[in-house]
$ cat entry_10.txt   # compact mmCIF, C-alpha atoms and all ligand atoms
# COMPACT_ATOMS: atom_id res chain seq x y z
CA MET A 1 84.86 103.45 138.13
CA THR A 2 83.09 103.10 134.78
CA GLU A 3 81.99 99.62 133.83
CA ILE A 4 83.92 98.06 130.97
CA ASN A 5 81.79 95.59 129.13
CA LEU A 6 83.69 93.25 126.81
CA ILE A 7 81.00 90.57 126.77
CA SER A 8 79.93 91.35 123.22
CA ASP A 9 79.80 94.06 120.56
CA THR A 10 76.02 94.05 121.06
CA VAL A 11 76.28 95.97 124.35
CA THR A 12 76.74 99.37 122.69
CA LYS A 13 74.29 102.24 123.09
CA PRO A 14 73.48 104.69 120.28
CA THR A 15 75.83 107.67 120.03
CA ALA A 16 74.41 111.19 120.32
CA ALA A 17 74.61 111.63 116.54
CA MET A 18 72.88 108.29 115.94
CA LEU A 19 70.10 109.23 118.37
CA GLU A 20 69.68 112.53 116.54
CA ALA A 21 69.34 110.69 113.22
CA MET A 22 66.75 108.42 114.83
CA MET A 23 64.75 111.28 116.31
CA SER A 24 64.54 113.15 113.05
CA ALA A 25 63.62 110.07 110.98
CA LYS A 26 60.69 110.22 108.58
CA VAL A 27 58.45 107.27 109.38
CA GLY A 28 55.33 105.48 108.19
CA ASP A 29 53.77 102.06 108.63
CA ASP A 30 56.34 99.56 107.38
CA VAL A 31 53.86 96.68 107.40
CA PHE A 32 52.27 98.57 104.48
CA LYS A 33 55.82 99.17 103.11
CA ALA A 34 55.14 102.87 103.72
CA ASP A 35 58.05 103.77 105.99
CA PRO A 36 60.46 105.96 103.98
CA SER A 37 63.40 105.34 106.32
CA VAL A 38 63.04 101.56 106.24
CA ASN A 39 62.69 101.70 102.45
CA GLU A 40 65.80 103.86 102.22
CA LEU A 41 67.80 101.47 104.44
CA GLU A 42 66.71 98.45 102.39
CA ASP A 43 67.63 100.17 99.11
CA LYS A 44 70.96 101.24 100.53
CA VAL A 45 71.97 97.76 101.72
CA ALA A 46 70.79 96.10 98.48
CA ARG A 47 72.84 98.60 96.45
CA MET A 48 75.92 98.14 98.64
CA PHE A 49 75.93 94.41 97.94
CA GLY A 50 74.89 94.86 94.31
CA MET A 51 71.88 92.64 94.95
CA GLU A 52 68.31 93.25 93.79
CA ALA A 53 66.45 93.71 97.05
CA ALA A 54 66.64 93.74 100.83
CA LEU A 55 64.33 93.43 103.82
CA TYR A 56 64.72 94.90 107.32
CA PHE A 57 64.32 92.56 110.31
CA PRO A 58 64.34 92.93 114.07
CA SER A 59 67.15 90.39 114.56
CA GLY A 60 69.87 88.40 112.85
CA THR A 61 68.31 85.21 114.08
CA MET A 62 65.14 86.07 112.18
CA THR A 63 67.02 86.92 108.97
CA ASN A 64 68.92 83.62 109.07
CA GLN A 65 65.82 81.63 109.93
CA THR A 66 63.88 83.28 107.11
CA ALA A 67 66.62 82.53 104.60
CA ILE A 68 66.79 78.90 105.74
CA LYS A 69 63.01 78.60 105.43
CA LEU A 70 63.12 79.94 101.87
CA HIS A 71 65.99 77.74 100.71
CA THR A 72 64.69 74.42 102.10
CA ALA A 73 61.67 72.15 102.44
CA PRO A 74 60.80 70.12 105.58
CA GLY A 75 62.98 67.00 105.79
CA ASN A 76 65.87 68.64 103.96
CA GLN A 77 69.33 69.06 105.42
CA LEU A 78 71.59 72.07 105.52
CA ILE A 79 75.36 71.87 105.70
CA CYS A 80 77.28 74.08 108.12
CA ASP A 81 80.34 74.11 110.33
CA LYS A 82 79.96 72.65 113.82
CA TYR A 83 80.52 76.17 115.26
CA ALA A 84 77.75 77.76 113.16
CA HIS A 85 75.46 80.27 114.86
CA VAL A 86 72.47 78.84 112.95
CA TYR A 87 73.16 75.49 114.62
CA ASN A 88 74.36 76.52 118.10
CA TYR A 89 72.68 79.78 118.98
CA GLU A 90 69.32 80.09 117.27
CA GLY A 91 67.32 78.04 119.75
CA GLY A 92 66.92 75.05 117.43
CA GLY A 93 65.01 77.26 114.99
CA VAL A 94 66.32 75.30 112.01
CA SER A 95 64.15 72.35 113.04
CA PHE A 96 61.40 74.41 114.71
CA ASN A 97 60.79 76.77 111.80
CA SER A 98 61.86 74.79 108.78
CA GLY A 99 61.78 71.11 109.77
CA VAL A 100 65.38 70.87 108.63
CA SER A 101 68.39 69.06 110.13
CA CYS A 102 72.03 70.16 110.08
CA LYS A 103 74.94 68.16 108.74
CA LEU A 104 77.86 69.43 110.79
CA VAL A 105 81.27 69.80 109.24
CA ASN A 106 84.41 69.64 111.36
CA GLY A 107 86.05 72.81 110.08
CA THR A 108 88.79 75.03 111.47
CA ARG A 109 87.71 77.99 113.61
CA GLY A 110 84.22 77.80 112.12
CA MET A 111 85.39 77.57 108.51
CA MET A 112 85.00 74.58 106.18
CA ARG A 113 86.96 73.61 103.11
CA ALA A 114 85.14 73.06 99.82
CA GLU A 115 86.11 69.33 99.82
CA GLN A 116 84.49 68.94 103.23
CA VAL A 117 81.30 70.53 101.95
CA LEU A 118 81.33 68.21 98.95
CA GLU A 119 81.78 65.17 101.22
CA ALA A 120 78.88 66.32 103.42
CA ILE A 121 76.36 66.23 100.56
CA ASN A 122 74.04 63.22 100.67
CA PRO A 123 73.57 61.45 97.32
CA PRO A 124 70.29 62.89 95.98
CA ASP A 125 69.03 59.50 94.74
CA PHE A 126 69.61 57.79 98.08
CA TYR A 127 66.17 58.45 99.58
CA HIS A 128 67.12 57.01 102.98
CA SER A 129 69.13 60.10 103.88
CA PRO A 130 67.89 63.70 104.08
CA LEU A 131 68.11 65.70 100.88
CA SER A 132 70.93 68.25 101.07
CA ALA A 133 69.53 71.65 100.08
CA LEU A 134 71.60 74.49 101.50
CA VAL A 135 75.08 75.48 102.62
CA CYS A 136 75.38 78.12 105.34
CA VAL A 137 78.66 79.88 106.08
CA GLU A 138 79.45 82.57 108.63
CA ASN A 139 81.86 85.51 108.14
CA THR A 140 83.36 86.50 110.48
CA THR A 141 82.93 83.37 112.56
CA ASN A 142 81.60 84.11 116.02
CA LYS A 143 82.53 80.94 117.92
CA GLY A 144 85.63 80.75 115.71
CA GLY A 145 86.98 83.93 117.34
CA GLY A 146 86.18 86.51 114.65
CA ALA A 147 88.12 84.61 111.99
CA CYS A 148 87.72 85.75 108.37
CA TRP A 149 87.20 83.34 105.49
CA ASP A 150 89.58 83.09 102.61
CA PHE A 151 87.49 84.48 99.74
CA GLY A 152 88.87 81.88 97.33
CA GLU A 153 87.51 79.08 99.52
CA LEU A 154 84.08 80.73 99.55
CA GLN A 155 84.24 80.80 95.73
CA LYS A 156 85.12 77.10 95.64
CA ILE A 157 82.13 76.32 97.85
CA ARG A 158 79.95 78.30 95.42
CA GLU A 159 81.10 75.93 92.68
CA VAL A 160 80.24 72.93 94.84
CA CYS A 161 76.78 74.42 95.43
CA ASP A 162 76.27 75.05 91.71
CA GLN A 163 77.35 71.55 90.76
CA ASN A 164 75.00 70.00 93.31
CA GLY A 165 71.97 72.26 93.13
CA LEU A 166 72.43 73.69 96.63
CA ALA A 167 71.54 77.19 97.77
CA TYR A 168 74.26 79.25 99.44
CA HIS A 169 73.57 81.52 102.42
CA LEU A 170 75.96 83.84 104.22
CA ASP A 171 75.39 84.63 107.89
CA GLY A 172 77.12 87.98 107.70
CA ALA A 173 76.29 89.20 111.18
CA ARG A 174 79.86 90.56 111.30
CA ILE A 175 80.56 90.78 107.56
CA TRP A 176 81.52 94.46 108.09
CA ASN A 177 84.45 93.37 110.25
CA ALA A 178 85.60 90.93 107.56
CA LEU A 179 85.31 93.58 104.82
CA VAL A 180 87.45 96.00 106.80
CA ALA A 181 90.00 93.41 107.96
CA ARG A 182 90.42 91.81 104.53
CA LYS A 183 89.88 94.95 102.42
CA GLU A 184 87.06 93.27 100.52
CA THR A 185 83.90 94.82 99.08
CA PRO A 186 80.25 93.99 99.72
CA GLU A 187 79.76 93.58 95.94
CA GLN A 188 82.16 90.62 95.96
CA TYR A 189 79.89 88.91 98.46
CA GLY A 190 76.69 89.94 96.73
CA ALA A 191 77.92 88.27 93.54
CA LEU A 192 78.63 84.99 95.35
CA PHE A 193 75.64 84.23 97.58
CA ASP A 194 71.93 83.56 97.08
CA SER A 195 71.18 85.36 100.32
CA ILE A 196 73.12 87.34 102.90
CA SER A 197 72.04 88.38 106.36
CA VAL A 198 73.84 91.31 107.97
CA CYS A 199 73.56 92.75 111.48
CA LEU A 200 73.45 96.45 112.28
CA SER A 201 73.36 95.79 116.03
CA LYS A 202 76.86 94.34 116.45
CA GLY A 203 79.99 96.27 115.49
CA LEU A 204 77.97 98.99 113.76
CA GLY A 205 76.46 100.02 117.08
CA CYS A 206 72.71 100.16 116.33
CA PRO A 207 70.27 99.26 119.09
CA VAL A 208 68.35 96.88 116.81
CA GLY A 209 68.25 95.54 113.32
CA SER A 210 69.37 93.14 110.65
CA VAL A 211 68.89 93.06 106.91
CA LEU A 212 68.39 90.15 104.52
CA VAL A 213 69.66 90.71 100.96
CA GLY A 214 68.88 88.63 97.89
CA ASP A 215 67.10 88.69 94.56
CA LYS A 216 63.63 90.20 94.12
CA GLU A 217 61.83 86.89 94.30
CA LEU A 218 63.57 85.76 97.49
CA ILE A 219 62.89 89.07 99.22
CA HIS A 220 59.27 89.05 98.05
CA ASN A 221 58.85 85.65 99.67
CA ALA A 222 60.81 86.75 102.74
CA LEU A 223 58.15 89.36 103.43
CA ARG A 224 55.59 86.62 104.08
CA VAL A 225 57.96 84.57 106.28
CA ARG A 226 58.86 87.68 108.28
CA LYS A 227 55.14 88.29 108.81
CA ILE A 228 54.62 84.70 109.98
CA LEU A 229 57.52 84.96 112.42
CA GLY A 230 56.00 88.14 113.83
CA GLY A 231 58.74 90.39 112.51
CA GLY A 232 56.59 92.98 110.77
CA MET A 233 57.12 96.29 112.58
CA ARG A 234 55.18 99.53 112.17
CA GLN A 235 57.07 102.86 112.48
CA ALA A 236 60.38 101.01 112.33
CA GLY A 237 61.96 103.96 110.53
CA TYR A 238 63.18 105.30 113.88
CA LEU A 239 65.32 102.16 114.11
CA ALA A 240 66.20 102.01 110.42
CA ALA A 241 67.54 105.57 110.66
CA ALA A 242 70.14 104.27 113.11
CA GLY A 243 71.13 101.71 110.50
CA ILE A 244 71.51 104.30 107.75
CA TYR A 245 73.61 106.42 110.07
CA ALA A 246 75.78 103.45 111.06
CA LEU A 247 76.42 102.39 107.46
CA ASP A 248 77.63 105.92 106.70
CA HIS A 249 79.73 106.44 109.84
CA HIS A 250 80.59 103.23 111.64
CA ILE A 251 82.11 100.83 109.13
CA GLU A 252 85.64 102.18 108.65
CA ARG A 253 86.11 102.77 112.37
CA LEU A 254 85.90 99.00 112.93
CA ALA A 255 89.65 99.02 112.21
CA LYS A 256 90.06 100.67 115.64
CA ASP A 257 88.21 97.82 117.34
CA HIS A 258 90.46 95.36 115.51
CA GLN A 259 93.56 97.26 116.60
CA LYS A 260 92.49 97.21 120.26
CA ALA A 261 91.67 93.51 120.03
CA SER A 262 95.08 92.75 118.64
CA GLU A 263 96.73 94.77 121.45
CA LEU A 264 94.72 92.85 124.04
CA GLY A 265 95.81 89.64 122.35
CA ALA A 266 99.47 90.66 122.47
CA ILE A 267 99.29 91.38 126.21
CA LEU A 268 97.49 88.10 126.88
CA GLU A 269 100.14 86.23 124.90
CA SER A 270 102.82 87.69 127.17
CA LEU A 271 101.15 86.68 130.44
CA ILE A 272 102.29 83.56 132.22
CA TYR A 273 98.77 82.69 133.46
CA ILE A 274 97.32 82.61 129.93
CA SER A 275 97.89 79.30 128.19
CA LYS A 276 96.47 80.03 124.76
CA VAL A 277 95.25 82.96 122.66
CA GLU A 278 93.52 82.19 119.39
CA PRO A 279 94.75 84.19 116.38
CA ILE A 280 93.04 87.60 116.29
CA GLU A 281 91.89 89.05 113.00
CA THR A 282 88.97 91.25 113.96
CA ASN A 283 87.30 92.28 117.23
CA ILE A 284 86.92 88.94 119.04
CA ILE A 285 89.53 87.54 121.42
CA ILE A 286 89.22 83.94 122.60
CA PHE A 287 91.75 82.69 125.13
CA GLU A 288 92.37 80.10 127.81
CA ILE A 289 93.68 80.37 131.36
CA ASN A 290 96.54 78.27 132.68
CA THR A 291 94.43 76.81 135.47
CA SER A 292 97.45 75.44 137.34
CA LEU A 293 98.30 79.09 138.09
CA ILE A 294 94.87 80.66 138.52
CA SER A 295 91.36 79.28 138.26
CA GLN A 296 88.92 80.69 135.74
CA GLU A 297 86.64 81.80 138.59
CA ASP A 298 89.43 83.69 140.34
CA PHE A 299 90.47 85.37 137.10
CA ILE A 300 86.92 86.42 136.29
CA SER A 301 86.28 87.73 139.79
CA TYR A 302 89.58 89.65 139.71
CA LEU A 303 88.39 91.39 136.53
CA GLU A 304 84.91 91.90 137.96
CA LYS A 305 86.46 93.66 140.94
CA HIS A 306 87.91 96.11 138.42
CA GLN A 307 84.51 96.46 136.73
CA ILE A 308 85.67 94.55 133.66
CA HIS A 309 83.22 92.03 132.27
CA LEU A 310 83.85 89.19 129.84
CA ILE A 311 82.13 85.92 129.01
CA GLY A 312 82.91 82.20 129.18
CA MET A 313 82.46 80.20 125.98
CA GLY A 314 82.54 76.75 127.62
CA GLN A 315 85.38 74.21 127.38
CA GLY A 316 87.66 76.52 129.37
CA LYS A 317 87.52 79.29 126.77
CA LEU A 318 86.98 82.95 127.62
CA ARG A 319 85.95 85.69 125.23
CA MET A 320 86.36 89.45 125.00
CA VAL A 321 84.88 91.56 122.21
CA THR A 322 85.91 95.13 121.42
CA HIS A 323 83.36 97.64 120.17
CA LEU A 324 82.24 101.23 119.66
CA ASP A 325 81.71 101.93 123.37
CA TYR A 326 85.10 100.53 124.39
CA SER A 327 87.13 103.73 124.59
CA GLU A 328 90.88 104.27 124.50
CA ASP A 329 90.85 105.07 128.24
CA MET A 330 89.05 101.84 129.02
CA HIS A 331 91.50 99.99 126.82
CA GLN A 332 94.51 101.34 128.74
CA ARG A 333 92.84 100.34 132.01
CA VAL A 334 92.16 96.79 130.82
CA LEU A 335 95.77 96.40 129.63
CA GLU A 336 97.01 97.52 133.08
CA VAL A 337 94.60 95.29 134.99
CA LEU A 338 95.58 92.26 132.90
CA LYS A 339 99.27 92.93 133.51
CA SER A 340 98.75 93.29 137.26
CA CYS A 341 96.77 90.12 137.88
CA PRO A 342 98.20 88.62 141.10
CA ILE A 343 99.37 85.07 140.54
CA PRO A 344 99.77 82.83 143.56
CA GLN A 345 103.46 81.88 143.89
CA VAL A 346 104.43 78.53 142.45
C1 LIG A 401 74.65 87.81 116.59
C2 LIG A 401 74.68 86.84 115.50
C3 LIG A 401 73.53 86.51 114.79
C4 LIG A 401 72.17 87.07 115.04
O1 LIG A 401 71.91 87.43 116.30
P1 LIG A 401 70.68 88.28 116.84
O2 LIG A 401 71.08 88.43 118.26
O3 LIG A 401 69.47 87.46 116.64
O4 LIG A 401 70.60 89.57 116.10
C5 LIG A 401 73.68 85.60 113.76
N1 LIG A 401 74.85 85.08 113.45
C6 LIG A 401 75.98 85.39 114.11
C7 LIG A 401 77.27 84.80 113.67
C8 LIG A 401 75.94 86.27 115.17
O5 LIG A 401 77.06 86.58 115.81
$ encode --input "entry_10.txt" --output "structure tokens"
Amino acid sequence: MTEINLISDTVTKPTAAMLEAMMSAKVGDDVFKADPSVNELEDKVARMFGMEAALYFPSGTMTNQTAIKLHTAPGNQLICDKYAHVYNYEGGGVSFNSGVSCKLVNGTRGMMRAEQVLEAINPPDFYHSPLSALVCVENTTNKGGGACWDFGELQKIREVCDQNGLAYHLDGARIWNALVARKETPEQYGALFDSISVCLSKGLGCPVGSVLVGDKELIHNALRVRKILGGGMRQAGYLAAAGIYALDHHIERLAKDHQKASELGAILESLIYISKVEPIETNIIIFEINTSLISQEDFISYLEKHQIHLIGMGQGKLRMVTHLDYSEDMHQRVLEVLKSCPIPQV
């Protein structure tokens, strides 16, 4: 039985065609900015978003952390939703790297309203509280179950930032999913944010890589921060070539991942032992078990027995993520296995 890994969209392996693109990449030493493939990838992503410049990074954590470093000074505060990746899943890097604290907003599925952002700003003259410097938003939201922002709300938050002298960063690890689901364009986002970080290693199926996009000055300064964080890589063109390939071939197909996720959601909704399925817009499914019928452990081990792997999100929530390596055959098997879960008689 083949393993079916629904833990994350990061579990994918390069396709044969992606590997071929990687193997035939032209490379040089990127620390000297002399790797043609990395340069091509950076130009390509900058142009897609209609922004001036871009910089290739080994991870999305490093792109976010670099952006935060560049938009803040030690002692400052950034504003984000309580579910934000920059707050929950970057190892405390906000304080470690930038000496910055987070003001958490109690949003819905990882998304804040502009009024909430406005309320979260500390009065700049009141020197007892940290100086608010930056707003970070995430699209799609990871812990929020792949939810997509309403673009109008993002525009309203831009106005709040402008009126209060705050920088505006987008953690766009899964922005590609949002663009496909909402039929939006990267240019729309490029026009709105001071910096955007995007991941190539999630839905797009690359083994490695993220890109930070911004204006020339920001990206010039990002080069130094990346160096300090140890993110300067040498013949990184082999990896960048995967990114170029993915941008050309793996964006539109995300609709298939979304379709499968919504089918999984529909089955889960119909099952008596599932108590809640969060709305599904993209490739992430978050749901809860009715533990009076089956325990989480029993459910997980039932799936494991069928070589199906998913992940717990804490607070009784479980998560499945569809991706490039989750085939139609696997999908049919998972639907069957979910439908056949034996429930102790009540
Ligand atoms: C995955 C992810 C990142 C970056 O993760 P890396 O594993 O460091 O590449 C950042 N933000 C969100 C929302 C993510 O899902």
$ closest_atom_pairs --input "entry_10.txt" --of "chain A" --to "ligand LIG 401 (chain A)" --cutoff "6 Å" --atoms "all atoms listed in the file" --output "JSON lines"
{"residue": "A:Ser59", "atom": "CA", "partner": "A:LIG401", "partner_atom": "O4", "distance": 3.9}
{"residue": "A:Gly60", "atom": "CA", "partner": "A:LIG401", "partner_atom": "C4", "distance": 3.4}
{"residue": "A:Thr61", "atom": "CA", "partner": "A:LIG401", "partner_atom": "O3", "distance": 3.6}
{"residue": "A:His85", "atom": "CA", "partner": "A:LIG401", "partner_atom": "C7", "distance": 5.0}
{"residue": "A:Glu138", "atom": "CA", "partner": "A:LIG401", "partner_atom": "C7", "distance": 5.9}
{"residue": "A:Thr141", "atom": "CA", "partner": "A:LIG401", "partner_atom": "C7", "distance": 5.9}
{"residue": "A:Asn142", "atom": "CA", "partner": "A:LIG401", "partner_atom": "C7", "distance": 5.0}
{"residue": "A:Asp171", "atom": "CA", "partner": "A:LIG401", "partner_atom": "N1", "distance": 5.6}
{"residue": "A:Ala173", "atom": "CA", "partner": "A:LIG401", "partner_atom": "C6", "distance": 4.8}
$ residues_around --input "entry_10.txt" --residues "region 25-27 of chain A" --least-positions-apart "3" --cutoff "6 Å" --atoms "all atoms listed in the file" --output "mmCIF file with C-alpha atoms, keeping the file's coordinate frame"
data_model
loop_
_atom_site.group_PDB
_atom_site.id
_atom_site.type_symbol
_atom_site.label_atom_id
_atom_site.label_comp_id
_atom_site.auth_asym_id
_atom_site.auth_seq_id
_atom_site.Cartn_x
_atom_site.Cartn_y
_atom_site.Cartn_z
ATOM 1 C CA MET A 22 66.750 108.420 114.830
ATOM 2 C CA ASP A 35 58.050 103.770 105.990
ATOM 3 C CA PRO A 36 60.460 105.960 103.980
ATOM 4 C CA GLN A 235 57.070 102.860 112.480
ATOM 5 C CA GLY A 237 61.960 103.960 110.530
ATOM 6 C CA TYR A 238 63.180 105.300 113.880
ATOM 7 C CA ALA A 241 67.540 105.570 110.660
#
$ closest_residue --input "entry_10.txt" --among "A:Ala266, A:Gly107, A:His249, A:Asn283" --to "Ala17 (chain A)" --atoms "all atoms listed in the file"
A:His249
$ atom_distance --input "entry_10.txt" --atom1 "CA of Ile157 (chain A)" --atom2 "CA of Tyr189 (chain A)"
12.8 Å
$ residues_around --input "entry_10.txt" --residues "region 335-345 of chain A" --least-positions-apart "6" --cutoff "7 Å" --atoms "all atoms listed in the file" --output "MDAnalysis selection string"
chainID A and resid 264 293:294
$ residues_near_point --input "entry_10.txt" --point "(66.5, 91.8, 91.5)" --cutoff "8 Å" --atoms "all atoms listed in the file" --output "PyMOL selection string"
chain A and resi 51-53+214-217
$ closest_residue --input "entry_10.txt" --among "A:Gly265, A:Gly172, A:Gly316, A:Gly144" --to "Glu288 (chain A)" --atoms "all atoms listed in the file"
A:Gly316
$ atom_distance --input "entry_10.txt" --atom1 "CA of Trp176 (chain A)" --atom2 "CA of Thr282 (chain A)"
10.0 Å
$ closest_residue --input "entry_10.txt" --among "A:Gly232, A:Asn64, A:Gly110, A:Val11" --to "His169 (chain A)" --atoms "all atoms listed in the file"
A:Asn64
$ closest_residue --input "entry_10.txt" --among "A:Tyr56, A:Arg333, A:Asp30, A:Val277" --to "Lys44 (chain A)" --atoms "all atoms listed in the file"
A:Tyr56
$ residues_near_point --input "entry_10.txt" --point "(79.1, 90.2, 113.2)" --cutoff "7 Å" --atoms "only C-alpha atoms" --output "short mmCIF file (atom, residue, chain, number, x, y, z; two decimals) with C-alpha atoms, in the frame of the given file"
data_model
loop_
_atom_site.label_atom_id
_atom_site.label_comp_id
_atom_site.auth_asym_id
_atom_site.auth_seq_id
_atom_site.Cartn_x
_atom_site.Cartn_y
_atom_site.Cartn_z
CA THR A 140 83.36 86.50 110.48
CA GLY A 172 77.12 87.98 107.70
CA ALA A 173 76.29 89.20 111.18
CA ARG A 174 79.86 90.56 111.30
CA ILE A 175 80.56 90.78 107.56
CA ASN A 177 84.45 93.37 110.25
CA CYS A 199 73.56 92.75 111.48
CA LYS A 202 76.86 94.34 116.45
CA GLY A 203 79.99 96.27 115.49
#
$ residues_around --input "entry_10.txt" --residues "Pro74 (chain A)" --least-positions-apart "2" --cutoff "6 Å" --atoms "only C-alpha atoms" --output "PyMOL selection string"
chain A and resi 76+98-100
$ write_last_selection --input "entry_10.txt" --atoms "C-alpha atoms" --output "mmCIF file, keeping the file's coordinate frame"
data_model
loop_
_atom_site.group_PDB
_atom_site.id
_atom_site.type_symbol
_atom_site.label_atom_id
_atom_site.label_comp_id
_atom_site.auth_asym_id
_atom_site.auth_seq_id
_atom_site.Cartn_x
_atom_site.Cartn_y
_atom_site.Cartn_z
ATOM 1 C CA ASN A 76 65.870 68.640 103.960
ATOM 2 C CA SER A 98 61.860 74.790 108.780
ATOM 3 C CA GLY A 99 61.780 71.110 109.770
ATOM 4 C CA VAL A 100 65.380 70.870 108.630
#
$ atom_distance --input "entry_10.txt" --atom1 "CA of Met330 (chain A)" --atom2 "CA of His309 (chain A)"
11.9 Å
